[in-house]
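Everything below belongs to model12.csv, which stores CSV, C-alpha atoms (C1' of nucleotides).
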chain,number,residue,atom,x,y,z
A,1,MET,CA,55.9,76.3,56.2
A,2,LEU,CA,56.6,72.7,55.5
A,3,GLN,CA,54.1,70.3,57.2
A,4,THR,CA,56.6,67.5,57.9
A,5,GLU,CA,54.3,65.5,60.2
A,6,SER,CA,51.5,65.3,57.6
A,7,PHE,CA,53.8,64.5,54.7
A,8,ALA,CA,53.4,60.7,55.0
A,9,PRO,CA,49.7,60.7,55.9
A,10,ARG,CA,48.9,62.8,52.8
A,11,LEU,CA,51.1,60.7,50.6
A,12,LEU,CA,49.7,57.4,51.9
A,13,SER,CA,46.1,58.6,51.5
A,14,TRP,CA,46.9,59.6,47.9
A,15,PHE,CA,48.6,56.3,47.3
A,16,ALA,CA,45.5,54.3,48.4
A,17,ARG,CA,43.6,55.8,45.5
A,18,HIS,CA,46.2,56.5,42.8
A,19,GLY,CA,49.2,54.3,43.5
A,20,ARG,CA,50.4,51.7,41.1
A,21,GLY,CA,49.7,48.2,42.4
A,22,ASP,CA,49.9,45.9,39.5
A,23,LEU,CA,53.5,46.0,38.4
A,24,PRO,CA,55.0,42.6,37.6
A,25,TRP,CA,57.4,42.7,40.6
A,26,GLN,CA,54.5,43.6,43.0
A,27,ARG,CA,52.9,40.2,42.4
A,28,ASP,CA,54.5,37.3,44.3
A,29,ARG,CA,56.6,39.9,46.1
A,30,THR,CA,59.6,37.8,47.1
A,31,PRO,CA,62.9,39.5,48.1
A,32,TYR,CA,64.5,37.9,45.0
A,33,ARG,CA,61.9,39.3,42.6
A,34,VAL,CA,62.1,42.7,44.2
A,35,TRP,CA,65.9,42.6,44.1
A,36,VAL,CA,65.9,41.8,40.4
A,37,SER,CA,63.4,44.5,39.6
A,38,GLU,CA,65.4,47.1,41.6
A,39,ILE,CA,68.5,46.3,39.6
A,40,MET,CA,66.7,46.5,36.3
A,41,LEU,CA,65.0,49.7,37.2
A,42,GLN,CA,68.3,51.5,38.0
A,43,GLN,CA,68.3,54.4,35.5
A,44,THR,CA,65.8,52.6,33.4
A,45,GLN,CA,62.1,53.4,33.0
A,46,VAL,CA,59.4,51.0,34.1
A,47,ALA,CA,57.9,50.5,30.6
A,48,THR,CA,61.3,49.5,29.3
A,49,VAL,CA,62.0,47.0,32.1
A,50,ILE,CA,58.7,45.1,32.1
A,51,PRO,CA,59.3,42.8,29.1
A,52,PHE,CA,62.9,42.1,30.2
A,53,TYR,CA,61.7,41.4,33.7
A,54,ALA,CA,59.1,38.9,32.6
A,55,ARG,CA,61.6,36.9,30.5
A,56,PHE,CA,64.3,37.1,33.2
A,57,VAL,CA,62.3,35.8,36.1
A,58,THR,CA,60.7,33.1,34.0
A,59,ARG,CA,64.1,31.8,33.1
A,60,PHE,CA,65.7,32.5,36.5
A,61,PRO,CA,62.8,32.2,39.0
A,62,ASP,CA,65.0,32.2,42.1
A,63,VAL,CA,68.5,32.8,43.5
A,64,THR,CA,69.5,29.2,42.9
A,65,ALA,CA,68.5,29.2,39.3
A,66,LEU,CA,70.3,32.5,38.6
A,67,ALA,CA,73.5,31.4,40.4
A,68,ALA,CA,73.6,28.1,38.5
A,69,ALA,CA,73.2,29.7,35.1
A,70,PRO,CA,76.1,30.6,32.9
A,71,LEU,CA,76.9,34.2,32.7
A,72,ASP,CA,76.5,34.2,29.0
A,73,GLU,CA,72.9,33.2,29.3
A,74,VAL,CA,72.3,35.9,32.0
A,75,LEU,CA,73.7,38.5,29.6
A,76,HIS,CA,71.6,37.1,26.8
A,77,HIS,CA,68.5,37.9,28.8
A,78,TRP,CA,69.9,41.4,29.6
A,79,SER,CA,70.9,42.1,26.0
A,80,GLY,CA,69.2,45.3,24.9
A,81,LEU,CA,68.5,46.6,28.4
A,82,GLY,CA,71.9,48.4,28.9
A,83,TYR,CA,74.2,48.9,31.8
A,84,TYR,CA,75.5,45.4,31.6
A,85,ALA,CA,77.6,45.6,34.8
A,86,ARG,CA,74.2,45.3,36.5
A,87,ALA,CA,73.8,41.8,35.0
A,88,ARG,CA,77.3,40.7,35.9
A,89,ASN,CA,77.0,42.0,39.4
A,90,LEU,CA,73.5,40.4,39.8
A,91,HIS,CA,74.9,37.0,38.7
A,92,ARG,CA,77.9,37.3,41.0
A,93,ALA,CA,75.8,38.3,43.9
A,94,ALA,CA,73.5,35.4,43.4
A,95,GLN,CA,76.4,33.0,43.6
A,96,LEU,CA,77.7,34.7,46.7
A,97,ILE,CA,74.2,34.4,48.3
A,98,ARG,CA,74.1,30.7,47.3
A,99,ASP,CA,77.6,29.9,48.6
A,100,THR,CA,77.5,31.9,51.9
A,101,ARG,CA,73.9,32.2,52.8
A,102,GLY,CA,72.2,29.0,51.5
A,103,GLY,CA,70.4,31.0,48.8
A,104,ALA,CA,68.5,33.3,51.1
A,105,VAL,CA,68.6,37.0,50.2
A,106,PRO,CA,70.0,39.0,53.2
A,107,GLU,CA,67.4,40.8,55.3
A,108,ASP,CA,69.7,43.4,56.8
A,109,HIS,CA,71.0,46.5,55.1
A,110,ALA,CA,74.7,46.1,55.7
A,111,ALA,CA,74.7,42.6,54.2
A,112,LEU,CA,72.8,43.8,51.1
A,113,VAL,CA,75.1,46.8,50.5
A,114,ALA,CA,78.1,44.4,50.7
A,115,LEU,CA,76.8,42.6,47.6
A,116,PRO,CA,78.0,43.8,44.2
A,117,GLY,CA,75.5,46.1,42.4
A,118,ILE,CA,73.6,47.0,45.6
A,119,GLY,CA,74.1,50.5,47.0
A,120,ARG,CA,72.5,52.3,49.8
A,121,SER,CA,69.3,53.2,48.0
A,122,THR,CA,68.7,49.8,46.3
A,123,ALA,CA,69.3,48.0,49.6
A,124,GLY,CA,66.8,50.3,51.3
A,125,ALA,CA,64.2,49.7,48.5
A,126,ILE,CA,64.6,45.9,48.7
A,127,LEU,CA,64.1,45.8,52.5
A,128,ALA,CA,61.3,48.3,52.5
A,129,LEU,CA,59.3,46.8,49.6
A,130,ALA,CA,59.9,43.1,50.2
A,131,ASN,CA,60.3,43.0,54.0
A,132,ASP,CA,58.4,46.1,55.1
A,133,GLN,CA,61.4,47.4,57.0
A,134,ARG,CA,61.8,51.1,57.5
A,135,HIS,CA,64.7,52.1,55.3
A,136,LEU,CA,65.3,55.2,53.1
A,137,ILE,CA,65.6,55.3,49.4
A,138,LEU,CA,66.9,58.1,47.2
A,139,ASP,CA,66.2,57.5,43.6
A,140,GLY,CA,65.3,60.0,40.9
A,141,ASN,CA,61.6,60.1,41.9
A,142,VAL,CA,62.3,60.8,45.6
A,143,LYS,CA,64.9,63.5,44.7
A,144,ARG,CA,62.4,65.2,42.5
A,145,VAL,CA,59.6,65.1,45.0
A,146,LEU,CA,61.7,66.3,47.9
A,147,ALA,CA,63.7,68.9,45.9
A,148,ARG,CA,60.4,70.5,44.8
A,149,TRP,CA,58.5,70.1,48.0
A,150,ALA,CA,61.3,71.5,50.2
A,151,GLY,CA,62.8,73.8,47.6
A,152,ILE,CA,66.2,72.1,47.8
A,153,GLY,CA,68.5,73.6,45.1
A,154,GLY,CA,71.9,72.3,44.1
A,155,PHE,CA,72.8,69.3,42.0
A,156,PRO,CA,71.8,66.1,43.8
A,157,GLY,CA,74.9,64.4,42.6
A,158,GLU,CA,77.0,66.6,44.9
A,159,ALA,CA,77.7,64.9,48.2
A,160,ARG,CA,76.7,67.9,50.4
A,161,VAL,CA,73.4,68.2,48.5
A,162,ALA,CA,72.8,64.4,48.7
A,163,ALA,CA,73.2,64.6,52.4
A,164,GLN,CA,70.4,67.1,52.6
A,165,PHE,CA,68.1,64.7,50.7
A,166,TRP,CA,68.9,61.8,53.0
A,167,ALA,CA,68.3,64.0,56.0
A,168,LEU,CA,65.0,65.3,54.7
A,169,SER,CA,63.9,61.8,53.7
A,170,GLU,CA,64.7,60.6,57.3
A,171,ASN,CA,62.4,63.4,58.6
A,172,VAL,CA,59.4,62.6,56.4
A,173,THR,CA,59.6,58.8,56.5
A,174,PRO,CA,57.0,57.3,58.9
A,175,ALA,CA,57.8,54.5,61.4
A,176,ALA,CA,55.3,52.1,60.0
A,177,ARG,CA,54.0,51.1,56.6
A,178,ALA,CA,57.5,51.1,55.0
A,179,ALA,CA,56.5,49.3,51.9
A,180,ASP,CA,53.5,51.5,51.1
A,181,PHE,CA,55.3,54.7,51.9
A,182,THR,CA,58.3,53.8,49.7
A,183,GLN,CA,56.1,52.8,46.8
A,184,ALA,CA,53.9,55.9,47.4
A,185,ILE,CA,56.7,58.4,47.1
A,186,MET,CA,58.0,56.7,44.0
A,187,ASP,CA,54.6,56.6,42.4
A,188,LEU,CA,54.0,60.2,43.1
A,189,GLY,CA,57.3,61.1,41.4
A,190,ALA,CA,56.7,58.8,38.5
A,191,THR,CA,53.1,59.6,37.7
A,192,LEU,CA,52.4,63.1,39.1
A,193,CYS,CA,55.5,65.0,40.1
A,194,THR,CA,57.1,64.2,36.8
A,195,GLN,CA,60.1,66.0,35.2
A,196,ARG,CA,58.0,67.5,32.5
A,197,ARG,CA,54.4,68.7,32.9
A,198,PRO,CA,53.8,67.8,36.5
A,199,ARG,CA,50.2,67.7,37.6
A,200,CYS,CA,50.5,69.9,40.7
A,201,GLY,CA,46.7,70.4,40.7
A,202,ASP,CA,46.3,66.8,41.8
A,203,CYS,CA,49.2,66.6,44.2
A,204,PRO,CA,48.6,66.0,47.9
A,205,LEU,CA,51.7,67.9,48.8
A,206,ALA,CA,50.9,71.0,46.7
A,207,LYS,CA,49.6,73.2,49.5
A,208,ASP,CA,53.0,73.5,51.2
A,209,CYS,CA,55.2,72.8,48.2
A,210,VAL,CA,58.0,75.4,48.2
A,211,ALA,CA,58.8,75.1,44.5
A,212,LEU,CA,55.2,75.4,43.4
A,213,ALA,CA,54.7,78.6,45.6
A,214,ALA,CA,57.9,80.1,44.2
A,215,ASP,CA,57.2,79.0,40.6
A,216,ARG,CA,60.4,76.9,40.5
A,217,ILE,CA,58.9,73.6,39.6
A,218,ALA,CA,60.7,73.5,36.2
A,219,GLU,CA,64.1,74.3,37.6
A,220,LEU,CA,64.1,71.7,40.5
A,221,PRO,CA,65.8,69.4,41.0
A,222,ALA,CA,68.8,71.3,39.7
A,223,ARG,CA,70.7,69.8,36.8
A,224,ARG,CA,74.4,69.3,36.6
A,225,ALA,CA,76.5,71.6,34.6
A,226,PRO,CA,76.6,70.4,31.0
A,227,ARG,CA,79.7,68.7,29.8
A,228,LYS,CA,81.1,68.2,26.4
A,229,ARG,CA,80.7,64.7,24.9
A,230,PRO,CA,84.0,63.1,23.8
A,231,ARG,CA,83.9,61.2,20.6
A,232,ARG,CA,85.5,57.8,20.0
A,233,ARG,CA,86.1,55.9,16.7
A,234,ILE,CA,86.6,52.2,16.4
A,235,VAL,CA,86.8,49.7,13.6
A,236,TRP,CA,85.0,46.3,13.6
A,237,LEU,CA,86.0,43.4,11.5
A,238,VAL,CA,83.0,41.3,10.4
A,239,TYR,CA,84.5,38.0,9.3
A,240,ARG,CA,81.9,36.0,7.4
A,241,ARG,CA,82.2,32.4,6.3
A,242,ALA,CA,79.4,30.3,4.9
A,243,GLY,CA,76.7,32.5,6.4
A,244,ALA,CA,78.3,32.6,9.9
A,245,VAL,CA,80.1,35.6,11.5
A,246,LEU,CA,82.9,35.5,13.9
A,247,LEU,CA,82.2,36.9,17.4
A,248,GLU,CA,84.5,37.3,20.3
A,249,ARG,CA,83.8,38.1,23.9
A,250,ARG,CA,84.3,41.7,24.8
A,251,PRO,CA,86.4,42.6,27.8
A,252,THR,CA,84.6,43.0,31.1
A,253,THR,CA,85.5,46.7,31.3
A,254,GLY,CA,84.1,49.3,28.9
A,255,ILE,CA,81.1,49.6,26.7
A,256,TRP,CA,79.1,46.3,26.3
A,257,GLY,CA,81.4,44.6,28.8
A,258,GLY,CA,81.1,40.8,28.7
A,259,LEU,CA,78.9,40.8,25.7
A,260,TRP,CA,79.8,39.3,22.3
A,261,GLY,CA,80.9,41.5,19.5
A,262,PHE,CA,83.1,41.7,16.5
A,263,PRO,CA,86.9,41.9,16.7
A,264,GLU,CA,87.7,45.6,17.5
A,265,PHE,CA,90.5,47.9,16.4
A,266,ALA,CA,91.5,51.4,17.1
A,267,THR,CA,92.6,52.2,13.5
A,268,ARG,CA,91.6,51.0,10.1
A,269,ALA,CA,95.2,50.2,9.2
A,270,GLU,CA,95.5,47.9,12.2
A,271,ALA,CA,92.2,46.2,11.3
A,272,GLU,CA,93.3,45.6,7.7
A,273,ALA,CA,96.6,44.1,8.7
A,274,THR,CA,94.8,41.7,11.0
A,275,ALA,CA,92.2,40.8,8.4
A,276,VAL,CA,94.9,39.9,5.9
A,277,LYS,CA,96.6,37.8,8.5
A,278,ARG,CA,93.5,35.9,9.5
A,279,ALA,CA,92.4,35.4,5.9
A,280,GLY,CA,95.8,33.7,5.3
A,281,ARG,CA,96.5,35.7,2.2
A,282,ARG,CA,98.6,38.6,1.0
A,283,SER,CA,95.4,40.6,0.8
A,284,ALA,CA,91.9,40.4,1.9
A,285,ARG,CA,88.8,41.9,0.3
A,286,LEU,CA,87.3,44.4,2.7
A,287,THR,CA,83.9,45.9,2.2
A,288,ALA,CA,82.8,49.0,4.1
A,289,LEU,CA,79.4,48.4,5.6
A,290,GLY,CA,78.6,52.0,6.5
A,291,THR,CA,79.5,53.9,9.6
A,292,VAL,CA,77.3,53.3,12.6
A,293,ARG,CA,77.0,56.2,15.1
A,294,HIS,CA,75.9,55.8,18.7
A,295,VAL,CA,75.2,58.7,20.9
A,296,PHE,CA,75.4,57.8,24.5
A,297,THR,CA,74.8,60.0,27.5
A,298,HIS,CA,78.5,60.7,28.0
A,299,PHE,CA,80.2,60.0,24.8
A,300,GLU,CA,79.7,59.4,21.1
A,301,LEU,CA,80.9,56.3,19.4
A,302,GLU,CA,81.5,55.9,15.6
A,303,ILE,CA,81.9,52.3,14.5
A,304,GLU,CA,83.3,51.6,11.1
A,305,PRO,CA,82.4,48.0,10.3
A,306,LEU,CA,84.4,46.2,7.6
A,307,LEU,CA,83.2,43.0,6.0
A,308,VAL,CA,85.8,40.3,5.4
A,309,GLU,CA,84.5,37.4,3.3
A,310,LEU,CA,86.4,34.2,4.0
A,311,ASP,CA,86.6,31.3,1.7
A,312,ARG,CA,84.2,28.5,2.6
A,313,ARG,CA,87.3,26.2,2.9
A,314,ALA,CA,88.9,28.5,5.4
A,315,PRO,CA,89.5,26.7,8.7
A,316,LEU,CA,86.8,27.2,11.4
A,317,VAL,CA,89.2,28.0,14.2
A,318,GLU,CA,87.4,28.5,17.4
A,319,GLN,CA,89.0,29.5,20.7
A,320,GLY,CA,87.5,30.0,24.1
A,321,SER,CA,86.6,33.6,23.6
A,322,GLU,CA,85.5,33.1,20.0
A,323,THR,CA,82.5,31.6,18.3
A,324,TRP,CA,80.9,31.4,14.9
A,325,TYR,CA,77.5,32.8,15.1
A,326,LYS,CA,74.6,32.1,12.7
A,327,SER,CA,71.9,34.7,12.9
A,328,ARG,CA,69.1,32.2,12.3
A,329,ALA,CA,70.3,29.7,14.9
A,330,PRO,CA,69.3,30.0,18.5
A,331,THR,CA,71.9,31.5,20.7
A,332,ARG,CA,72.3,32.0,24.4
A,333,LEU,CA,74.9,34.7,24.2
A,334,GLY,CA,74.5,38.3,25.0
A,335,LEU,CA,75.1,40.4,21.9
A,336,ALA,CA,76.1,44.0,21.8
A,337,ALA,CA,73.4,46.1,20.2
A,338,PRO,CA,75.1,47.0,17.0
A,339,VAL,CA,76.0,43.4,16.4
A,340,THR,CA,72.3,42.5,16.3
A,341,SER,CA,71.5,45.1,13.7
A,342,LEU,CA,74.6,44.4,11.7
A,343,VAL,CA,73.9,40.7,11.6
A,344,ALA,CA,70.3,41.3,10.7
A,345,ALA,CA,71.4,43.6,7.8
A,346,LEU,CA,73.8,41.0,6.5
A,347,ALA,CA,71.2,38.2,6.7
A,348,ALA,CA,68.6,40.2,4.8
A,349,PRO,CA,68.2,38.9,1.3
A,350,PRO,CA,69.7,41.3,-1.3
A,351,ARG,CA,67.1,43.6,-2.9
A,352,ARG,CA,66.1,42.6,-6.4
A,353,ARG,CA,65.9,45.1,-9.1
A,354,ARG,CA,62.5,45.8,-10.5
A,355,PRO,CA,61.9,44.2,-13.9
B,1,DT,C1',85.1,64.2,43.1
B,2,DA,C1',84.3,63.0,38.6
B,3,DA,C1',83.9,59.8,34.9
B,4,DT,C1',81.8,55.7,33.3
B,5,DC,C1',78.1,52.7,32.0
B,6,DG,C1',72.9,51.8,27.5
B,7,DT,C1',68.7,52.4,25.7
B,8,DG,C1',64.4,54.6,24.5
B,9,DG,C1',61.2,58.5,24.8
B,10,DC,C1',60.4,63.2,24.4
B,11,DA,C1',60.5,68.2,23.1
C,1,DT,C1',69.6,66.9,15.1
C,2,DT,C1',70.4,67.8,20.0
C,3,DG,C1',69.9,67.6,24.8
C,4,DC,C1',67.9,65.6,28.8
C,5,DC,C1',66.3,62.1,31.6
C,6,DA,C1',64.8,57.4,33.8
C,7,DA,C1',63.4,52.8,40.7
C,8,DG,C1',72.2,54.3,40.7
C,9,DA,C1',76.5,51.8,41.5
C,10,DT,C1',81.2,51.5,40.7
C,11,DT,C1',85.9,52.9,40.3
Let me see the structure of the file written as structure tokens.
Amino acid sequence: MLQTESFAPRLLSWFARHGRGDLPWQRDRTPYRVWVSEIMLQQTQVATVIPFYARFVTRFPDVTALAAAPLDEVLHHWSGLGYYARARNLHRAAQLIRDTRGGAVPEDHAALVALPGIGRSTAGAILALANDQRHLILDGNVKRVLARWAGIGGFPGEARVAAQFWALSENVTPAARAADFTQAIMDLGATLCTQRRPRCGDCPLAKDCVALAADRIAELPARRAPRKRPRRRIVWLVYRRAGAVLLERRPTTGIWGGLWGFPEFATRAEAEATAVKRAGRRSARLTALGTVRHVFTHFELEIEPLLVELDRRAPLVEQGSETWYKSRAPTRLGLAAPVTSLVAALAAPPRRRRP
DNA sequence: TAATCGTGGCA
DNA sequence: TTGCCAAGATT
């Protein structure tokens, strides 16, 4: 039988001893800093976020600084963290907060959810952690803890199942100590009730944990039905002229949206025709740089990069969405991940033969 | 409802 | 290699 009333006391008692209390966003706990951390932590592990968070809040210490910065520089600080819509939404939300609320992060749930990039759970986390307001969260940690403790089957992504989680969360969340409770249930999920090799022997909820009693820890929470990963192939043209490469801003939609990358084509024939045109000749010398394969969660991407060497005297045409990038010069642009590695490979000195 | 969006760690 | 997952939101 589930002991709903003692859920929070047990968790809070455990938290006092074993909770994480020294994460970067827990120091100087302003709503802005908590907000930024919650966005970065969406679908991203704590260890990955920490160095990005440190650089980000140093450069953008408050809403005003973030709102005033160019999007390119925000994306530059996000480059390598992934899910770049988060950065675009964060930047846009900062400008909205500046323009409509004088730079003060909203302190009510509805106003937060109305901002881009903030959903129900993230809004709840911000208000609970930064303002000690009683709000629910439903992240991967909470889903895992609740699914096991109450034996909730079914894929949490399904609406009907998600409703069960929210309802159960409502029942176990105490009236007071919102910040501690929210942090506690996340800490339990992150450090003890982990996906692999959970330490049930140390868990304060073990004595009435349904999954543990039924030996179903490994199968909860339920996973979605596996899907086949579609494969896409694209061609990139790497124009090089006097040590610089041509970059263009990628469209906002799609992979690496808003970051800078190489001119992209669906087919090699289309790429070659464009290369000839830009080189201003009847033909252009194209060098295959070796296919790059990216395996993402939901699809595979094969990139065929083609190097186009332009004459040093070729005109340095530059439009609004184009720039010539030198790898050794400082940049404030967000670069797509393969761009960074490709540019690094191009800049590396050619290997000498052994004498 | 289901697909989309990144990267790094792990078995 | 391959699959799965991590402080989810958006369309």
| request: Name the residues within 7 Å of (67.7, 50.4, 24.6), counting all atoms listed in the file in the file's coordinates, and put them as a ChimeraX atom specification. | output: /A:80-82 /B:6-8
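Applying a distance limit of 6 Å to all atoms listed in the file, the residues of chain A near chain C read Leu41, Gln42, Gln43, Thr44, Gln45 and Gly117 of chain A.
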| query | Can you list, as a VMD selection string, every protein, DNA or RNA residue that comes within 12 Å of stretch 106-116 of chain A when you count only C-alpha atoms (C1' of nucleotides), leaving out same-chain residues fewer than 3 positions away? | reply | (chain A and resid 30 to 32 35 39 63 85 to 98 100 to 103 119 to 137) or (chain C and resid 9 to 10)
| query | In Å to one decimal, how far is atom CA of A:Arg293 from atom CA of A:Leu346? | reply |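 Computing it gives 17.8 Å between the two atoms.
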| said: Between atom CA of A:Gly257 and atom CA of A:Tyr84, what is the distance in Å, rounded to a tenth? | reply: 6.6 Å
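From atom CA of A:Leu220 back to atom CA of A:Gly189, the distance works out to 12.6 Å.
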For all heavy atoms, please extract stretch 339-348 of chain A from the block and return it as a JSON list (two decimals), in the first residue's frame.
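Writing done, so here's part-v3.json:
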[["chain", "number", "residue", "atom", "x", "y", "z"],
["A", 339, "VAL", "N", 30.71, 21.85, -38.88],
["A", 339, "VAL", "CA", 31.50, 22.96, -39.40],
["A", 339, "VAL", "C", 32.78, 23.11, -38.60],
["A", 339, "VAL", "O", 33.87, 23.27, -39.15],
["A", 339, "VAL", "CB", 30.69, 24.27, -39.38],
["A", 339, "VAL", "CG1", 31.57, 25.46, -39.74],
["A", 339, "VAL", "CG2", 29.51, 24.17, -40.33],
["A", 340, "THR", "N", 32.64, 23.03, -37.30],
["A", 340, "THR", "CA", 33.80, 23.18, -36.43],
["A", 340, "THR", "C", 34.86, 22.12, -36.74],
["A", 340, "THR", "O", 36.05, 22.44, -36.88],
["A", 340, "THR", "CB", 33.37, 23.06, -34.96],
["A", 340, "THR", "OG1", 32.31, 24.00, -34.72],
["A", 340, "THR", "CG2", 34.52, 23.36, -34.03],
["A", 341, "SER", "N", 34.42, 20.89, -36.87],
["A", 341, "SER", "CA", 35.40, 19.83, -37.11],
["A", 341, "SER", "C", 35.98, 19.90, -38.52],
["A", 341, "SER", "O", 37.16, 19.64, -38.72],
["A", 341, "SER", "CB", 34.76, 18.46, -36.85],
["A", 341, "SER", "OG", 33.54, 18.35, -37.52],
["A", 342, "LEU", "N", 35.13, 20.27, -39.49],
["A", 342, "LEU", "CA", 35.64, 20.38, -40.85],
["A", 342, "LEU", "C", 36.66, 21.50, -40.98],
["A", 342, "LEU", "O", 37.71, 21.34, -41.61],
["A", 342, "LEU", "CB", 34.47, 20.64, -41.82],
["A", 342, "LEU", "CG", 33.80, 19.42, -42.42],
["A", 342, "LEU", "CD1", 32.57, 19.83, -43.21],
["A", 342, "LEU", "CD2", 34.77, 18.68, -43.32],
["A", 343, "VAL", "N", 36.36, 22.63, -40.37],
["A", 343, "VAL", "CA", 37.28, 23.76, -40.44],
["A", 343, "VAL", "C", 38.59, 23.40, -39.74],
["A", 343, "VAL", "O", 39.67, 23.73, -40.22],
["A", 343, "VAL", "CB", 36.65, 25.01, -39.80],
["A", 343, "VAL", "CG1", 37.69, 26.10, -39.58],
["A", 343, "VAL", "CG2", 35.51, 25.53, -40.67],
["A", 344, "ALA", "N", 38.47, 22.70, -38.63],
["A", 344, "ALA", "CA", 39.68, 22.29, -37.91],
["A", 344, "ALA", "C", 40.53, 21.36, -38.77],
["A", 344, "ALA", "O", 41.76, 21.47, -38.80],
["A", 344, "ALA", "CB", 39.31, 21.61, -36.59],
["A", 345, "ALA", "N", 39.87, 20.45, -39.47],
["A", 345, "ALA", "CA", 40.61, 19.51, -40.32],
["A", 345, "ALA", "C", 41.29, 20.25, -41.47],
["A", 345, "ALA", "O", 42.42, 19.93, -41.84],
["A", 345, "ALA", "CB", 39.65, 18.45, -40.86],
["A", 346, "LEU", "N", 40.61, 21.25, -42.00],
["A", 346, "LEU", "CA", 41.20, 22.02, -43.10],
["A", 346, "LEU", "C", 42.38, 22.86, -42.64],
["A", 346, "LEU", "O", 43.33, 23.08, -43.38],
["A", 346, "LEU", "CB", 40.14, 22.92, -43.73],
["A", 346, "LEU", "CG", 39.09, 22.23, -44.60],
["A", 346, "LEU", "CD1", 38.00, 23.22, -44.98],
["A", 346, "LEU", "CD2", 39.74, 21.63, -45.83],
["A", 347, "ALA", "N", 42.28, 23.35, -41.42],
["A", 347, "ALA", "CA", 43.33, 24.24, -40.91],
["A", 347, "ALA", "C", 44.56, 23.48, -40.46],
["A", 347, "ALA", "O", 45.63, 24.05, -40.36],
["A", 347, "ALA", "CB", 42.77, 25.07, -39.75],
["A", 348, "ALA", "N", 44.37, 22.18, -40.18],
["A", 348, "ALA", "CA", 45.51, 21.40, -39.70],
["A", 348, "ALA", "C", 46.58, 21.36, -40.78],
["A", 348, "ALA", "O", 46.29, 21.19, -41.96],
["A", 348, "ALA", "CB", 45.05, 19.99, -39.34]]
